[in-house]
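Q: Quick one: the structure is below, and I'll ask about it shortly.
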Amino acid sequence: MSAIYDSVIYDRVLAFMEADIGTGAAADEAFNALALAVFAHQFEHNQPYRRFAMQRGRTPRGVKNWRDIPAVPINAFKDLTLSCRPAEESARIFMTSGTTKGGIRGQIHHTTLSVYDRSMLLNFRRRFMQGSEAGVERMAMGILFPTETAMPNSSLAHYLELARAECGTPDSRHWIGEAGIDIAGLYDRLDAAERSGEPFALLGASYGFVHLMDAMARDGRRFALPEGSRILDTGGFKGQSRELEPDEFYGQLAGFFGVPRRCCINMYGMTELSTQFYDDGNAVCPSLKSGPHWIRSRVVDPLSGRDVPAGSMGVLVHHDLAHVNSVAAILTEDAGILEEGGFRLLGRVAGAQAKGCSLAVEDFLAAARG
């Protein structure tokens, strides 16, 4: 019975992602209906989450709006297995970076990658490849991140491999290996891209771009990539390189590669979700980020879980219907402000908000463990 129900909810989510639900009241109702169905699935099959929801007095019988579905603090994944199916049935386990909580790495279990992969590709093609109206199905790509073989538990490695395999030309490849960035080889590839006149994409972790630009500064190298080229960075710096303020970072990307800042796109994602957010370039920072119709965001007080007043800074909660096997609602530790059409990411929470996030984790763990 459980496996049959699993397939039903997965099929519903996949169909919803493919649908053009539009905007307005009908779209809100459609999202809400599926969010409640996903909550019912996760309440039934994810026991730690069920205990937490019951402690909050939130059950599928009583919850009528997706905003009232309880969100799990992101650091809880470092302490508990939050999966609807037994861990041994996982097709893939992604692990968090381990940069907080003493280096402990959280585990996110996927019984199938069918929804994750479809979520990534639909969104990536629309936001980075810029949709069918641009007439671009594939473009040459250089990846500044290790391969999925080298990092099998990295959701970013999987994401970038999907981008390369499904949207890159046959000569697209990774330029980071065990020895680090192949600087000389990448210079040759960028020279060739300049001469070809064909758009070229560089994708990778933000800190990888910092290391590459430091090498380019030492070597006195700059490029003018052809019109239509674009850059995707993600993940911030996380102690892996010197940190740059966004304006300086995107200014340097534009200067070193000849790609306008409006074509320097940041992807905001996390291992604990199955859907990513994008901006429309970084001509202005902080940029406005948004996701597809199967993910919605709130800005809340971390301790109460209640929405803060419109225009106020709070902690971001993301409700991702594609994250079927785990929990759809995640309380992050990222500060943000909601605006029309998306949110502005303001960095990690600090002060009272950080304390509130820590207390929210303690509250969740106490309830989830019963």
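In the structure tokens, each chain is lettered A, B, ... as it comes, each chain's residues begin at 1, and ligands are numbered from 1 in order of appearance.
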Would you list the contacts of A:Cys263 as a PyMOL selection string, taking every protein, DNA or RNA residue within 10 Å and counting only C-alpha atoms, but skipping same-chain residues closer than 6 positions in sequence?

A: chain A and resi 128+201+227-232+250+254+279-283

Q: Could you pull out the strand (DSSP E or B) residues of stretch 133-337 of chain A, going by DSSP on the backbone, and write them as a VMD selection string?

A: chain A and resid 139 to 144 168 173 to 174 176 to 177 180 to 181 200 to 205 230 to 234 264 to 268 277 to 278 288 to 290 295 to 300 307 314 to 320 329 to 337

Q: Hey, which of A:Lys78, A:Arg221, A:Arg58, A:His41 ends up closest to A:Gly106? Count only C-alpha atoms.

A: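 That would be A:Lys78, the residue with the smallest distance to A:Gly106.
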
Q: Can you pull out the residues contacting A:Arg348? Cut-off 8 Å, using only C-alpha atoms, and skip same-chain residues under 2 positions away; I want them as a VMD selection string.

A: chain A and resid 333 to 335 346 350

Q: Keeping C-alpha atoms, export the residues of the selection given above as a tab-separated table (two decimals), in the first residue's frame.

A:
chain	number	residue	atom	x	y	z
A	333	GLU	CA	19.16	30.26	8.46
A	334	ASP	CA	19.12	32.86	5.69
A	335	ALA	CA	17.78	36.37	6.19
A	346	LEU	CA	20.50	39.28	2.79
A	350	ALA	CA	22.58	37.08	13.12

Q: What is the distance between atom CA of A:Ser358 and atom CA of A:Asp320, in Å to one decimal?

A: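 So the two atoms, atom CA of A:Ser358 and atom CA of A:Asp320, lie 22.2 Å apart.
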
Q: Write out as an mmCIF file with C-alpha atoms, in the first residue's frame each polymer residue whose atoms come within 9 Å of A:Ala224, counting only C-alpha atoms; drop sequence neighbours fewer than 5 positions from it.

A:
data_model
loop_
_atom_site.group_PDB
_atom_site.id
_atom_site.type_symbol
_atom_site.label_atom_id
_atom_site.label_comp_id
_atom_site.auth_asym_id
_atom_site.auth_seq_id
_atom_site.Cartn_x
_atom_site.Cartn_y
_atom_site.Cartn_z
ATOM 1 C CA LEU A 190 38.335 30.401 -23.283
ATOM 2 C CA ASP A 191 40.633 31.589 -26.082
ATOM 3 C CA GLU A 194 36.502 33.983 -28.024
ATOM 4 C CA GLY A 255 35.733 42.461 -16.091
ATOM 5 C CA PHE A 256 37.657 39.199 -16.373
ATOM 6 C CA PHE A 257 35.315 37.368 -18.772
ATOM 7 C CA GLY A 258 33.609 40.169 -20.683
ATOM 8 C CA VAL A 259 30.175 38.927 -19.654
#

Q: State, in Å with one decimal place, the distance from atom CA of A:Ala15 to atom CA of A:Gly235.

A: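 These two atoms are separated by 29.5 Å.
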
Q: Which residues come within 12 Å of A:Phe249, counting only C-alpha atoms, excluding same-chain residues fewer than 3 positions away, as number ranges by chain?

A: A: 206-211, 213-214, 233, 236-237, 242-246, 252-256, 261, 264-266, 282-286

Q: Store the residues picked out above, limited to C-alpha atoms, as a CSV table (one decimal), in the first residue's frame.

A:
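File produced: result.csv:
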chain,number,residue,atom,x,y,z
A,206,SER,CA,31.3,30.9,-6.3
A,207,TYR,CA,34.7,30.2,-4.5
A,208,GLY,CA,35.9,28.4,-7.7
A,209,PHE,CA,35.5,31.6,-9.6
A,210,VAL,CA,37.5,33.5,-7.0
A,211,HIS,CA,40.4,31.1,-7.3
A,213,MET,CA,40.1,35.1,-11.1
A,214,ASP,CA,43.0,35.3,-8.7
A,233,ASP,CA,27.7,30.9,-9.7
A,236,GLY,CA,29.0,31.5,-1.7
A,237,PHE,CA,32.5,31.2,-0.3
A,242,ARG,CA,38.7,35.0,0.2
A,243,GLU,CA,35.2,36.6,0.5
A,244,LEU,CA,34.0,39.3,-1.8
A,245,GLU,CA,31.0,41.6,-1.5
A,246,PRO,CA,28.5,40.9,-4.2
A,252,GLN,CA,35.2,41.2,-11.4
A,253,LEU,CA,33.3,38.5,-13.3
A,254,ALA,CA,32.2,41.0,-15.9
A,255,GLY,CA,35.7,42.5,-16.1
A,256,PHE,CA,37.7,39.2,-16.4
A,261,ARG,CA,26.6,41.6,-15.1
A,264,CYS,CA,26.0,36.7,-14.4
A,265,ILE,CA,23.3,34.7,-12.8
A,266,ASN,CA,23.4,33.4,-9.2
A,282,ASN,CA,23.4,40.9,-11.0
A,283,ALA,CA,23.4,44.4,-12.5
A,284,VAL,CA,22.0,45.4,-9.1
A,285,CYS,CA,22.8,43.7,-5.8
A,286,PRO,CA,21.2,42.2,-3.9

Q: So which one's closest to A:Ala30, A:Gly269, A:Thr96, A:Trp294, A:Ser326? Using only C-alpha atoms, please.

A: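 Of A:Gly269, A:Thr96, A:Trp294, A:Ser326, the one nearest A:Ala30 is A:Trp294, counting only C-alpha atoms.
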
Q: I'd like the contact shell of stretch 307-316 of chain A - 6 Å cut-off, only C-alpha atoms, skipping same-chain residues fewer than 6 positions apart - returned as a list in words.

A: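 Residues near the query, excluding close chain neighbours: Arg298, Val299, Val300, Asp301, Thr332, Asp334, Ala335, Gly336 and Ile337 of chain A.
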
Q: A:Gly342, A:Gly204, A:Gly62, A:Gly185: which is nearest A:Thr147, counting only C-alpha atoms?

A: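 The answer is A:Gly204, which sits nearest to A:Thr147.
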
Q: Using only C-alpha atoms, which residues sit within 8 Å of A:Gln107 once same-chain residues fewer than 4 positions away are excluded, as a PyMOL selection string?

A: chain A and resi 77-78+81+93-96

Q: Mind writing the picked residues with N, CA and C atoms as a CSV table (one decimal), in the first residue's frame?

A:
chain,number,residue,atom,x,y,z
A,77,PHE,N,18.6,18.3,10.0
A,77,PHE,CA,19.0,17.2,9.2
A,77,PHE,C,20.4,16.6,9.6
A,78,LYS,N,21.1,17.4,10.5
A,78,LYS,CA,22.4,16.9,11.0
A,78,LYS,C,22.2,15.9,12.2
A,81,THR,N,17.3,11.4,10.7
A,81,THR,CA,17.0,10.9,9.3
A,81,THR,C,15.6,11.3,9.1
A,93,ILE,N,21.9,9.5,-1.6
A,93,ILE,CA,21.9,10.3,-0.4
A,93,ILE,C,22.8,11.5,-0.7
A,94,PHE,N,22.3,12.7,-0.6
A,94,PHE,CA,23.1,13.9,-0.7
A,94,PHE,C,23.4,14.4,0.7
A,95,MET,N,24.6,14.9,0.9
A,95,MET,CA,25.1,15.3,2.2
A,95,MET,C,25.4,16.8,2.2
A,96,THR,N,25.1,17.5,3.3
A,96,THR,CA,25.4,18.9,3.4
A,96,THR,C,26.9,19.1,3.6

Q: Run DSSP on the backbone and tell me which residues of stretch 62-134 of chain A come out as helix (DSSP H, G or I); list them as a ChimeraX atom specification.

A: /A:66-68,74-78,87-89,101-103,114-127,132-134
